[in-house]
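Asker: See protein_20.txt below, with compact mmCIF, C-alpha atoms.
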```txt
# COMPACT_ATOMS: atom_id res chain seq x y z
CA MET A 1 -19.28 -19.09 -13.43
CA ALA A 2 -17.96 -22.35 -12.04
CA HIS A 3 -14.69 -20.94 -10.78
CA MET A 4 -16.31 -18.27 -8.65
CA ASN A 5 -16.53 -20.61 -5.65
CA MET A 6 -12.94 -19.68 -4.82
CA PHE A 7 -13.52 -15.96 -5.15
CA ARG A 8 -13.88 -13.63 -2.22
CA SER A 9 -17.47 -13.29 -1.05
CA THR A 10 -18.76 -9.82 -0.38
CA THR A 11 -19.93 -8.62 3.01
CA LEU A 12 -23.36 -9.98 3.91
CA ALA A 13 -26.06 -7.38 3.40
CA ALA A 14 -29.74 -7.53 4.24
CA GLY A 15 -31.55 -9.80 1.79
CA ALA A 16 -28.40 -10.77 -0.13
CA PHE A 17 -27.30 -14.07 1.40
CA ALA A 18 -27.99 -17.41 -0.26
CA ALA A 19 -29.81 -20.20 1.52
CA ALA A 20 -26.79 -22.46 1.71
CA LEU A 21 -24.72 -19.70 3.24
CA PHE A 22 -27.48 -18.89 5.67
CA LEU A 23 -27.78 -22.48 6.80
CA SER A 24 -24.04 -22.63 7.45
CA SER A 25 -24.06 -19.40 9.45
CA PRO A 26 -24.28 -19.21 13.25
CA ALA A 27 -27.95 -18.29 13.14
CA GLY A 28 -28.68 -20.96 10.55
CA ALA A 29 -26.84 -23.48 12.67
CA GLN A 30 -29.05 -22.55 15.57
CA ALA A 31 -32.11 -23.07 13.41
CA LEU A 32 -31.13 -26.55 12.24
CA SER A 33 -30.07 -27.56 15.70
CA LYS A 34 -33.68 -27.37 16.87
CA GLY A 35 -34.32 -30.63 15.11
CA SER A 36 -31.19 -32.41 16.26
CA GLY A 37 -32.87 -34.57 18.86
CA ASN A 38 -30.97 -33.44 21.96
CA ALA A 39 -34.01 -32.88 24.17
CA GLN A 40 -32.57 -35.30 26.72
CA VAL A 41 -29.62 -33.01 27.45
CA ALA A 42 -29.91 -31.56 30.94
CA ASP A 43 -30.06 -27.81 30.63
CA SER A 44 -27.62 -25.67 32.58
CA VAL A 45 -25.77 -22.42 32.08
CA VAL A 46 -22.39 -22.73 30.31
CA ALA A 47 -21.68 -19.01 29.85
CA VAL A 48 -22.89 -15.70 31.20
CA VAL A 49 -22.69 -12.92 28.59
CA ASN A 50 -23.34 -9.57 30.25
CA SER A 51 -26.99 -9.93 31.31
CA ASP A 52 -27.69 -12.98 29.13
CA VAL A 53 -26.82 -16.69 29.33
CA ILE A 54 -25.98 -19.55 26.97
CA THR A 55 -27.27 -22.95 28.00
CA GLN A 56 -25.76 -26.41 27.73
CA ARG A 57 -28.56 -27.51 25.41
CA GLU A 58 -27.89 -24.63 23.00
CA LEU A 59 -24.19 -25.47 22.98
CA VAL A 60 -24.72 -29.21 22.40
CA ASP A 61 -27.17 -28.54 19.58
CA ARG A 62 -24.86 -26.12 17.81
CA THR A 63 -21.80 -28.35 18.26
CA GLY A 64 -23.72 -31.36 16.94
CA LEU A 65 -24.72 -29.53 13.80
CA ILE A 66 -21.20 -28.33 13.06
CA THR A 67 -19.83 -31.83 13.68
CA ARG A 68 -22.25 -33.28 11.13
CA ARG A 69 -21.33 -30.62 8.58
CA LEU A 70 -17.61 -31.34 8.95
CA GLN A 71 -18.25 -35.06 8.59
CA GLN A 72 -20.28 -34.48 5.40
CA GLN A 73 -17.32 -32.57 3.98
CA ASN A 74 -14.85 -35.29 5.02
CA ALA A 75 -13.02 -32.63 7.01
CA PRO A 76 -10.83 -33.64 9.96
CA LEU A 77 -12.54 -33.11 13.31
CA PRO A 78 -10.67 -31.39 16.15
CA PRO A 79 -10.86 -33.00 19.60
CA ALA A 80 -14.39 -32.80 21.00
CA ALA A 81 -13.48 -30.45 23.85
CA GLN A 82 -11.62 -28.11 21.50
CA LEU A 83 -14.51 -28.02 19.00
CA GLN A 84 -17.05 -27.35 21.73
CA ARG A 85 -14.99 -24.47 23.08
CA GLN A 86 -14.62 -22.95 19.60
CA VAL A 87 -18.37 -23.17 19.10
CA LEU A 88 -19.05 -21.62 22.48
CA ASP A 89 -16.70 -18.72 21.74
CA GLN A 90 -18.58 -18.15 18.49
CA MET A 91 -21.92 -18.15 20.30
CA VAL A 92 -20.61 -15.70 22.90
CA LEU A 93 -19.48 -13.28 20.21
CA GLU A 94 -22.82 -13.56 18.45
CA ARG A 95 -24.69 -12.84 21.68
CA ILE A 96 -22.53 -9.78 22.42
CA GLN A 97 -23.28 -8.35 18.98
CA LEU A 98 -27.01 -8.81 19.43
CA GLN A 99 -26.81 -6.98 22.74
CA LYS A 100 -24.90 -4.14 21.06
CA ALA A 101 -27.52 -3.96 18.33
CA LYS A 102 -30.23 -3.56 20.96
CA GLU A 103 -28.25 -0.76 22.64
CA ASP A 104 -27.92 1.00 19.28
CA GLY A 105 -31.64 0.74 18.66
CA ILE A 106 -31.16 -1.49 15.64
CA ALA A 107 -34.25 -3.49 14.76
CA VAL A 108 -35.45 -5.35 11.69
CA ASP A 109 -39.17 -5.13 10.95
CA ASP A 110 -41.36 -7.98 9.75
CA ALA A 111 -41.65 -6.59 6.22
CA THR A 112 -37.85 -6.67 5.77
CA VAL A 113 -37.65 -10.23 7.07
CA ASN A 114 -40.45 -11.33 4.74
CA ARG A 115 -38.77 -9.74 1.72
CA THR A 116 -35.55 -11.52 2.63
CA LEU A 117 -37.27 -14.89 2.87
CA GLU A 118 -38.98 -14.32 -0.49
CA ARG A 119 -35.61 -13.53 -2.09
CA LEU A 120 -34.10 -16.66 -0.55
CA ALA A 121 -36.90 -18.72 -2.05
CA GLN A 122 -36.38 -17.08 -5.47
CA GLN A 123 -32.63 -17.70 -5.32
CA ASN A 124 -33.41 -21.38 -4.74
CA GLN A 125 -35.93 -21.29 -7.63
CA MET A 126 -38.88 -22.04 -5.35
CA THR A 127 -42.06 -20.32 -4.32
CA LEU A 128 -42.11 -19.18 -0.71
CA ASP A 129 -44.57 -21.95 0.21
CA VAL A 130 -42.38 -24.66 -1.34
CA TYR A 131 -39.29 -23.17 0.30
CA ARG A 132 -41.03 -23.15 3.67
CA ALA A 133 -42.06 -26.77 3.24
CA ARG A 134 -38.46 -27.71 2.39
CA ILE A 135 -37.16 -26.01 5.54
CA GLU A 136 -39.78 -27.60 7.77
CA ALA A 137 -39.07 -31.02 6.21
CA GLN A 138 -35.56 -30.65 7.64
CA GLY A 139 -37.07 -30.43 11.12
CA VAL A 140 -36.75 -26.65 11.44
CA PRO A 141 -39.91 -24.81 12.52
CA TRP A 142 -40.63 -21.90 10.18
CA SER A 143 -40.90 -19.55 13.16
CA THR A 144 -37.36 -20.50 14.18
CA PHE A 145 -36.01 -20.03 10.67
CA THR A 146 -37.71 -16.63 10.47
CA ARG A 147 -36.27 -15.59 13.81
CA ASP A 148 -32.77 -16.57 12.76
CA ALA A 149 -33.13 -14.68 9.47
CA ARG A 150 -33.96 -11.64 11.57
CA THR A 151 -30.79 -12.26 13.60
CA GLU A 152 -28.62 -12.34 10.48
CA LEU A 153 -30.15 -9.12 9.20
CA THR A 154 -29.68 -7.46 12.57
CA LEU A 155 -25.99 -8.37 12.70
CA SER A 156 -25.56 -7.10 9.16
CA LYS A 157 -27.16 -3.74 10.02
CA LEU A 158 -24.98 -3.52 13.13
CA ARG A 159 -21.82 -4.04 11.12
CA GLU A 160 -22.90 -1.44 8.58
CA LYS A 161 -23.50 1.14 11.33
CA GLU A 162 -20.43 0.44 13.46
CA VAL A 163 -17.84 -0.46 10.82
CA ASP A 164 -18.64 -0.35 7.11
CA SER A 165 -20.12 3.17 7.10
CA LYS A 166 -16.91 4.54 8.63
CA ILE A 167 -14.51 3.14 6.01
CA THR A 168 -12.94 5.71 3.70
CA VAL A 169 -10.56 5.15 0.78
CA SER A 170 -8.27 7.95 -0.37
CA ASP A 171 -7.10 8.65 -3.91
CA ALA A 172 -3.56 7.88 -2.78
CA GLU A 173 -4.63 4.42 -1.57
CA VAL A 174 -6.31 3.77 -4.92
CA ALA A 175 -3.18 4.79 -6.82
CA ASN A 176 -0.94 2.61 -4.65
CA TYR A 177 -3.30 -0.35 -4.91
CA ILE A 178 -3.52 -0.19 -8.70
CA ALA A 179 0.24 0.10 -8.97
CA SER A 180 0.63 -2.99 -6.76
CA GLN A 181 -1.61 -5.04 -9.09
CA ARG A 182 0.48 -4.48 -12.20
CA GLY A 183 2.71 -7.48 -11.58
CA PRO A 184 6.48 -7.89 -11.88
CA ASN A 185 6.47 -7.14 -15.62
CA ALA A 186 5.50 -3.53 -14.99
CA LYS A 187 7.82 -0.81 -13.76
CA GLN A 188 7.02 0.81 -10.44
CA SER A 189 6.13 4.49 -10.73
CA ASN A 190 7.30 6.88 -8.03
CA ASP A 191 6.18 10.41 -7.30
CA LEU A 192 9.10 12.86 -7.10
CA HIS A 193 9.57 15.75 -4.68
CA LEU A 194 11.80 18.28 -6.47
CA GLN A 195 13.29 21.72 -6.07
CA HIS A 196 14.52 23.73 -9.06
CA ILE A 197 16.21 26.92 -10.13
CA MET A 198 15.01 28.27 -13.46
CA PHE A 199 17.04 30.44 -15.84
CA LYS A 200 14.68 31.61 -18.55
CA VAL A 201 15.79 31.87 -22.17
CA PRO A 202 13.68 34.29 -24.22
CA ALA A 203 12.23 32.90 -27.43
CA ASN A 204 14.16 35.50 -29.52
CA ALA A 205 17.46 35.11 -27.65
CA SER A 206 20.62 35.17 -29.78
CA PRO A 207 23.26 32.43 -29.48
CA ALA A 208 25.42 34.84 -27.51
CA ASP A 209 22.57 35.58 -25.10
CA ILE A 210 21.90 31.85 -24.64
CA ALA A 211 25.60 31.21 -23.95
CA ALA A 212 25.67 33.97 -21.33
CA ILE A 213 22.56 32.61 -19.58
CA GLN A 214 24.02 29.11 -19.64
CA ALA A 215 27.31 30.31 -18.15
CA LYS A 216 25.48 32.02 -15.30
CA ALA A 217 23.42 28.87 -14.68
CA GLU A 218 26.58 26.72 -14.67
CA ALA A 219 28.10 28.93 -11.96
CA VAL A 220 25.02 28.61 -9.78
CA LEU A 221 24.96 24.84 -10.40
CA LYS A 222 28.45 24.59 -8.92
CA GLN A 223 27.29 26.43 -5.82
CA ALA A 224 24.24 24.13 -5.53
CA GLN A 225 26.47 21.05 -5.74
CA GLY A 226 28.63 22.45 -2.96
CA SER A 227 27.52 23.41 0.49
CA GLU A 228 25.27 26.28 -0.54
CA ASP A 229 21.65 26.26 0.67
CA PHE A 230 19.57 25.27 -2.40
CA SER A 231 16.50 27.16 -1.19
CA LYS A 232 18.56 30.31 -0.70
CA LEU A 233 20.04 30.02 -4.20
CA ALA A 234 16.58 29.50 -5.69
CA LYS A 235 15.25 32.62 -3.96
CA GLN A 236 18.23 34.60 -5.22
CA TYR A 237 18.53 33.40 -8.82
CA SER A 238 15.44 31.49 -9.99
CA GLN A 239 13.23 33.30 -12.49
CA ASP A 240 10.20 31.05 -11.94
CA THR A 241 7.14 32.05 -9.91
CA ASP A 242 7.99 29.58 -7.11
CA ALA A 243 11.36 31.26 -6.38
CA ALA A 244 10.00 32.75 -3.15
CA LYS A 245 9.31 29.19 -1.92
CA GLY A 246 12.88 28.13 -2.56
CA GLY A 247 11.95 26.59 -5.92
CA ASP A 248 9.96 23.87 -4.17
CA LEU A 249 7.80 21.96 -6.67
CA GLY A 250 6.37 19.56 -4.09
CA PHE A 251 5.51 16.00 -5.11
CA ARG A 252 4.86 15.51 -8.82
CA THR A 253 3.87 12.40 -10.73
CA GLN A 254 6.42 11.37 -13.32
CA GLY A 255 3.84 11.78 -16.06
CA SER A 256 3.49 15.48 -15.23
CA LEU A 257 7.23 16.19 -15.55
CA PRO A 258 9.41 16.62 -18.66
CA ALA A 259 11.01 13.32 -19.64
CA GLY A 260 14.49 14.86 -19.37
CA ILE A 261 13.99 15.69 -15.71
CA VAL A 262 12.61 12.24 -14.86
CA THR A 263 15.57 10.57 -16.56
CA SER A 264 18.10 12.86 -14.89
CA VAL A 265 16.97 12.13 -11.33
CA ALA A 266 16.47 8.39 -11.88
CA THR A 267 19.84 7.43 -10.34
CA LEU A 268 20.02 10.16 -7.69
CA ARG A 269 19.73 9.70 -3.96
CA PRO A 270 17.41 12.10 -2.09
CA GLY A 271 19.28 15.34 -1.35
CA GLN A 272 21.43 15.20 -4.47
CA VAL A 273 21.48 17.74 -7.30
CA VAL A 274 21.50 16.71 -10.98
CA PRO A 275 25.17 17.22 -11.98
CA GLN A 276 24.37 19.01 -15.25
CA LEU A 277 21.97 21.67 -16.42
CA ILE A 278 18.73 20.43 -17.95
CA ARG A 279 17.58 22.21 -21.09
CA THR A 280 13.82 22.66 -21.20
CA ASP A 281 11.49 24.65 -23.44
CA GLY A 282 11.65 27.53 -20.97
CA GLY A 283 15.37 27.69 -20.47
CA PHE A 284 17.94 26.00 -18.22
CA GLU A 285 16.99 24.13 -15.03
CA ILE A 286 18.97 23.12 -11.96
CA ILE A 287 17.16 20.21 -10.30
CA LYS A 288 17.45 18.77 -6.80
CA LEU A 289 15.76 15.52 -5.74
CA VAL A 290 14.29 15.97 -2.27
CA GLU A 291 12.36 12.71 -1.84
CA ARG A 292 10.67 9.81 -3.61
CA ARG A 293 7.46 8.05 -2.65
CA THR A 294 5.51 5.18 -4.18
CA GLY A 295 2.65 6.13 -6.51
CA GLN A 296 0.66 8.49 -4.29
CA GLY A 297 -0.60 10.75 -7.00
CA THR A 298 -4.26 11.66 -7.35
CA ALA A 299 -6.74 9.18 -8.79
CA ALA A 300 -6.47 10.94 -12.16
CA ASP A 301 -2.72 10.29 -12.19
CA ALA A 302 -3.02 6.62 -11.26
CA PRO A 303 -1.90 3.89 -13.66
CA LYS A 304 -4.68 1.92 -15.26
CA LEU A 305 -6.07 -1.12 -13.53
CA VAL A 306 -4.56 -4.38 -14.75
CA GLN A 307 -6.41 -7.68 -15.10
CA THR A 308 -4.61 -11.02 -15.00
CA HIS A 309 -5.42 -14.07 -17.10
CA VAL A 310 -4.76 -16.96 -14.75
CA ARG A 311 -5.39 -20.67 -14.31
CA HIS A 312 -4.91 -22.91 -11.33
CA ILE A 313 -5.10 -26.41 -9.90
CA LEU A 314 -6.82 -26.72 -6.52
CA LEU A 315 -6.35 -29.61 -4.10
CA ARG A 316 -8.63 -29.53 -1.06
CA VAL A 317 -7.01 -30.82 2.11
CA SER A 318 -10.41 -31.75 3.53
CA ASP A 319 -11.09 -34.35 0.81
CA GLY A 320 -9.02 -37.18 2.27
CA MET A 321 -5.70 -35.50 1.50
CA SER A 322 -3.26 -34.20 4.11
CA GLU A 323 -1.50 -30.83 3.97
CA SER A 324 1.86 -32.38 3.15
CA ALA A 325 0.41 -34.71 0.51
CA ALA A 326 -1.36 -31.82 -1.24
CA ARG A 327 1.79 -29.71 -1.31
CA GLN A 328 3.93 -32.55 -2.60
CA LYS A 329 1.44 -33.47 -5.30
CA LEU A 330 1.40 -29.90 -6.60
CA LEU A 331 5.19 -29.69 -6.48
CA ASP A 332 5.31 -32.86 -8.59
CA ILE A 333 2.85 -31.35 -11.07
CA LYS A 334 4.87 -28.12 -11.23
CA ARG A 335 8.02 -30.11 -12.02
CA ASP A 336 6.22 -31.94 -14.81
CA VAL A 337 4.76 -28.68 -16.22
CA LEU A 338 8.18 -27.03 -16.26
CA GLY A 339 9.45 -30.13 -18.00
CA GLY A 340 6.97 -29.62 -20.83
CA GLY A 341 3.76 -31.08 -19.42
CA ASP A 342 0.37 -29.55 -20.22
CA PHE A 343 -0.94 -27.52 -17.27
CA ALA A 344 -4.52 -27.71 -18.58
CA ASN A 345 -4.44 -31.52 -18.73
CA PHE A 346 -3.17 -31.73 -15.16
CA ALA A 347 -5.94 -29.35 -14.07
CA ARG A 348 -8.62 -31.47 -15.77
CA THR A 349 -7.26 -34.59 -14.07
CA TYR A 350 -6.50 -33.38 -10.57
CA SER A 351 -8.10 -30.01 -9.80
CA GLN A 352 -10.98 -30.02 -7.34
CA ASP A 353 -12.29 -26.65 -8.40
CA GLY A 354 -15.21 -26.00 -10.73
CA SER A 355 -12.75 -24.65 -13.31
CA ALA A 356 -11.19 -28.10 -13.82
CA SER A 357 -13.23 -28.81 -16.96
CA GLN A 358 -11.78 -25.62 -18.49
CA GLY A 359 -8.25 -26.72 -17.74
CA GLY A 360 -8.22 -24.62 -14.59
CA ASP A 361 -8.75 -21.42 -16.58
CA LEU A 362 -10.27 -18.64 -14.42
CA GLY A 363 -10.34 -16.10 -17.23
CA TRP A 364 -9.42 -12.44 -16.69
CA ILE A 365 -9.30 -11.56 -12.99
CA SER A 366 -9.62 -8.01 -11.68
CA PRO A 367 -7.97 -6.89 -8.42
CA GLY A 368 -9.96 -7.86 -5.34
CA GLU A 369 -11.83 -10.76 -6.99
CA THR A 370 -9.80 -13.56 -5.42
CA VAL A 371 -8.81 -14.39 -1.86
CA PRO A 372 -5.75 -12.42 -0.66
CA GLU A 373 -3.29 -15.35 -0.61
CA PHE A 374 -4.13 -16.26 -4.20
CA GLU A 375 -3.95 -12.65 -5.37
CA ARG A 376 -0.58 -11.96 -3.75
CA ALA A 377 0.97 -15.04 -5.34
CA MET A 378 -0.60 -14.22 -8.72
CA ASN A 379 0.71 -10.65 -8.66
CA ASN A 380 4.26 -11.86 -7.96
CA LEU A 381 4.34 -14.11 -11.03
CA LYS A 382 5.63 -13.07 -14.43
CA ASP A 383 3.67 -14.07 -17.50
CA GLY A 384 4.03 -17.83 -18.02
CA ASP A 385 5.43 -18.51 -14.55
CA VAL A 386 4.05 -21.26 -12.30
CA SER A 387 3.86 -20.70 -8.55
CA ASP A 388 4.83 -22.96 -5.71
CA PRO A 389 1.83 -24.39 -3.82
CA VAL A 390 -0.20 -21.55 -2.30
CA ARG A 391 -2.38 -22.17 0.76
CA SER A 392 -5.77 -20.49 1.07
CA GLU A 393 -8.93 -21.28 2.98
CA TYR A 394 -9.94 -23.54 0.08
CA GLY A 395 -6.84 -25.71 0.03
CA TYR A 396 -3.61 -25.59 -2.00
CA HIS A 397 -3.37 -23.88 -5.39
CA LEU A 398 -0.84 -24.21 -8.19
CA ILE A 399 -1.13 -20.96 -10.16
CA GLN A 400 0.00 -20.02 -13.65
CA VAL A 401 -0.27 -16.50 -15.10
CA LEU A 402 -1.09 -16.51 -18.82
CA GLY A 403 -1.08 -12.78 -19.48
CA ARG A 404 -2.02 -9.29 -18.32
CA ARG A 405 -4.03 -6.45 -19.84
CA GLU A 406 -5.45 -3.10 -18.90
CA ALA A 407 -8.96 -3.55 -17.60
CA GLU A 408 -11.83 -2.82 -19.94
CA GLY A 409 -14.07 0.13 -19.19
CA SER A 410 -13.44 3.78 -18.50
CA GLY A 411 -10.76 5.04 -16.16
CA THR A 412 -13.50 5.96 -13.70
CA GLN A 413 -14.86 2.41 -13.75
CA GLN A 414 -11.40 0.99 -13.15
CA LEU A 415 -10.83 3.31 -10.22
CA ASP A 416 -14.21 2.34 -8.78
CA ILE A 417 -13.23 -1.33 -8.94
CA ALA A 418 -9.99 -0.60 -7.10
CA ARG A 419 -11.75 1.58 -4.53
CA GLN A 420 -14.28 -1.16 -3.83
CA ALA A 421 -11.57 -3.79 -3.37
CA ILE A 422 -9.61 -1.56 -0.98
CA GLY A 423 -12.75 -0.68 0.96
CA GLN A 424 -13.67 -4.33 1.34
CA ARG A 425 -10.26 -5.26 2.67
CA LYS A 426 -10.19 -2.33 5.07
CA ALA A 427 -13.70 -3.19 6.25
CA GLU A 428 -12.75 -6.80 6.96
CA GLN A 429 -9.78 -5.71 9.08
CA ALA A 430 -11.80 -3.01 10.82
CA TYR A 431 -14.60 -5.48 11.55
CA SER A 432 -12.14 -7.96 13.06
CA ASP A 433 -10.65 -5.21 15.25
CA TRP A 434 -14.10 -3.99 16.27
CA LEU A 435 -15.23 -7.49 17.27
CA ARG A 436 -12.11 -7.89 19.39
CA GLU A 437 -12.73 -4.61 21.16
CA LEU A 438 -16.40 -5.48 21.69
CA ARG A 439 -15.45 -8.83 23.18
CA ASP A 440 -12.83 -7.25 25.45
CA THR A 441 -15.33 -4.80 26.94
CA ALA A 442 -18.03 -7.42 27.59
CA TYR A 443 -18.52 -9.34 30.82
CA VAL A 444 -18.19 -13.04 29.98
CA GLN A 445 -18.04 -15.83 32.55
CA TYR A 446 -17.76 -19.49 31.59
CA LYS A 447 -19.42 -22.13 33.75
CA GLY A 448 -18.84 -25.83 34.36
CA ILE A 449 -16.53 -27.64 31.94
CA ALA A 450 -16.13 -24.50 29.89
CA ALA A 451 -14.79 -22.71 32.96
CA GLN A 452 -12.28 -25.52 33.54
CA GLN A 453 -11.08 -25.26 29.93
CA ASP A 454 -10.64 -21.52 30.40
CA GLN A 455 -8.21 -21.99 33.29
```
Would you mind giving the structure from this file in structure tokens?
Answerer:
Amino acid sequence: MAHMNMFRSTTLAAGAFAAALFLSSPAGAQALSKGSGNAQVADSVVAVVNSDVITQRELVDRTGLITRRLQQQNAPLPPAAQLQRQVLDQMVLERIQLQKAKEDGIAVDDATVNRTLERLAQQNQMTLDVYRARIEAQGVPWSTFTRDARTELTLSKLREKEVDSKITVSDAEVANYIASQRGPNAKQSNDLHLQHIMFKVPANASPADIAAIQAKAEAVLKQAQGSEDFSKLAKQYSQDTDAAKGGDLGFRTQGSLPAGIVTSVATLRPGQVVPQLIRTDGGFEIIKLVERRTGQGTAADAPKLVQTHVRHILLRVSDGMSESAARQKLLDIKRDVLGGGDFANFARTYSQDGSASQGGDLGWISPGETVPEFERAMNNLKDGDVSDPVRSEYGYHLIQVLGRREAEGSGTQQLDIARQAIGQRKAEQAYSDWLRELRDTAYVQYKGIAAQQDQ
């Protein structure tokens, strides 16, 4: 779909990256740089990375490629020295990962590389021979392109071994995540930690018997509201099987409790006792609220996953528009929309996303399908609301929520979607942390101008 260019991309896996993405990657940049015509650059070492080196020629080639790509996108260029240092840092990190992969015994065989190249050709609707000719026509030797494909696959396998395979997602995280996606129109559900004292009323009890039981329960309730130890009272008087545990019910989801109990504790602070007896099917209950926590029931107790129908207007700051100009333009559009203007018409006129022809309509979005900044803003909007300008890696968005619904599919499918989204986010953070630790433990020494910039 056209609008998917703003959606979060999944982690690269062997054989699953598109040609355009590959060519914009570090390894792809290295491949294209071979044809950049910098043979006249005097070669020297610009960085020592453990037992390896990065040369001046490699750095100039990579920087030149990235510069051309930014210019093609009409993106503002940072100062030359700053860009070169950013590129060098990227190359250093890439080199460290390749060294780690070698230590771990990670290798990619020729058959895997060949299958990857065949899939790349298919994704570009070409035969492998035509695809190879297209690559070589860009000045990239096929042997170089093949080598860099192997590098990408190696880094992907390294990440899977060191990071992705170690990510776990608990049922409690799934429940919390789904609850967080329900938007401001939905009530937050809390799990309740309760204690109780049960006074059973037999099914054949006479009115007089019921009155006597109630009177006894009322007397104990007064003690519980005073300074008496609730656990001690429960052990002494409760007729339920958990009396020996002080009547401790532990955490319960609200859906698993009688509605009367949930309503009675709704306004209590933790540690307080419900000021009146609660009549249940079994008898009379004295209830104490011990603690509340946000939606950490089991996956089976979790609320259903909610999808959001949303549309947006995207202004890209790299297309000849400054940050401040993009924000102001969207603020002006928001004012006009709130004044009665048609959001869809503004999207068709101004949006720089593929969804513009549909009036900015992105359809029904499931949790985890959009970039985090967009998703957070979307989740905070009520139906019909329009956001302030929201910055993401793609530019500035003006977002309008059109409606919400429970996701289609079985409960298991919905939970799987949520689990996948959580796992992806945790993996991204874990990968960032792992890269930082890997970089900190490596020996890196900059040479020449790079060393001067490092001082």
Asker: Could you give me, as a list in words, the residues within 10 Å of range 157-160 of chain A, counting all atoms listed in the file and dropping anything in the same chain fewer than 6 positions from it?
Answerer: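 Contacts, with the query itself left out: Thr11, Leu12, Ala13, Ala14, Gln97, Leu98, Lys100, Ala101, Lys102, Asp104, Gly105, Ile106, Ala107, Val108, Thr151, Lys166, Ile167, Ala427, Tyr431, Trp434 and Leu435 of chain A.
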Asker: I'd like the contact shell of Gly448 in chain A - 9 Å cut-off, all atoms listed in the file, skipping same-chain residues fewer than 5 positions apart - returned as a PDB file with C-alpha atoms, in the coordinates of the input.
Answerer:
```pdb
ATOM      1  CA  SER A  44     -27.620 -25.670  32.580  1.00  0.00           C
ATOM      2  CA  VAL A  45     -25.770 -22.420  32.080  1.00  0.00           C
ATOM      3  CA  VAL A  46     -22.390 -22.730  30.310  1.00  0.00           C
ATOM      4  CA  ALA A  47     -21.680 -19.010  29.850  1.00  0.00           C
ATOM      5  CA  GLN A 453     -11.080 -25.260  29.930  1.00  0.00           C
TER       6      GLN A 453
END
```
Asker: Nearest residue to His312 in chain A out of A:Pro258, A:Pro389, A:Gly250, A:Gly283, using all atoms listed in the file?
Answerer: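 The closest residue to His312 in chain A is A:Pro389.
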Asker: Around all listed atoms of range 141-159 of chain A, padded 8 Å per side, what centre and edge lengths does the axis-aligned box have in Å to one decimal, as JSON?
Answerer:
```
{"center_x": -31.4, "center_y": -14.2, "center_z": 11.7, "size_x": 35.1, "size_y": 37.3, "size_z": 21.0}
```
Asker: Measuring atom to atom with all atoms listed in the file, identify which of A:Ser355, A:Gln307, A:Ser51, A:Thr349 is nearest to Met378 in chain A.
Answerer: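 Answer, going by the shortest atom-to-atom distance: A:Gln307.
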Asker: Just give me the gap between CA of Gly282 in chain A and CA of Glu228 in chain A in Å, one decimal is fine.
Answerer: 24.6 Å
Asker: What is the distance, in Å and to one decimal place, between CA of Arg436 in chain A and CA of Ala421 in chain A?
Answerer: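 Between CA of Arg436 in chain A and CA of Ala421 in chain A the gap works out to 23.1 Å.
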Asker: As a list in words, please: the residues near Pro78 in chain A (cut-off 12 Å, all atoms listed in the file, same-chain neighbours under 4 positions excluded).
Answerer: Thr63, Ile66, Thr67, Leu70, Gln71, Gln82, Leu83, Gln84, Arg85, Gln86 and Val87 of chain A
Asker: Out of A:Arg147, A:Ser357, A:Ile96, A:Ala266, which residue has the shortest atom-to-atom distance to Asn345 in chain A when counting only C-alpha atoms?
Answerer: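 Checking each of A:Arg147, A:Ser357, A:Ile96, A:Ala266 against Asn345 in chain A, counting only C-alpha atoms, the winner is A:Ser357.
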Asker: Kindly extract all protein, DNA and RNA residues lying within 12 Å of the coordinates (-24.0, -18.7, 34.4) given in the file, considering all atoms listed in the file, and supply them as a count of residues only.
Answerer: 23
Asker: Using only C-alpha atoms, find the one residue out of A:Leu362, A:Ile422, A:Leu289, A:Leu438 that sits nearest to Gln99 in chain A.
Answerer: A:Leu438
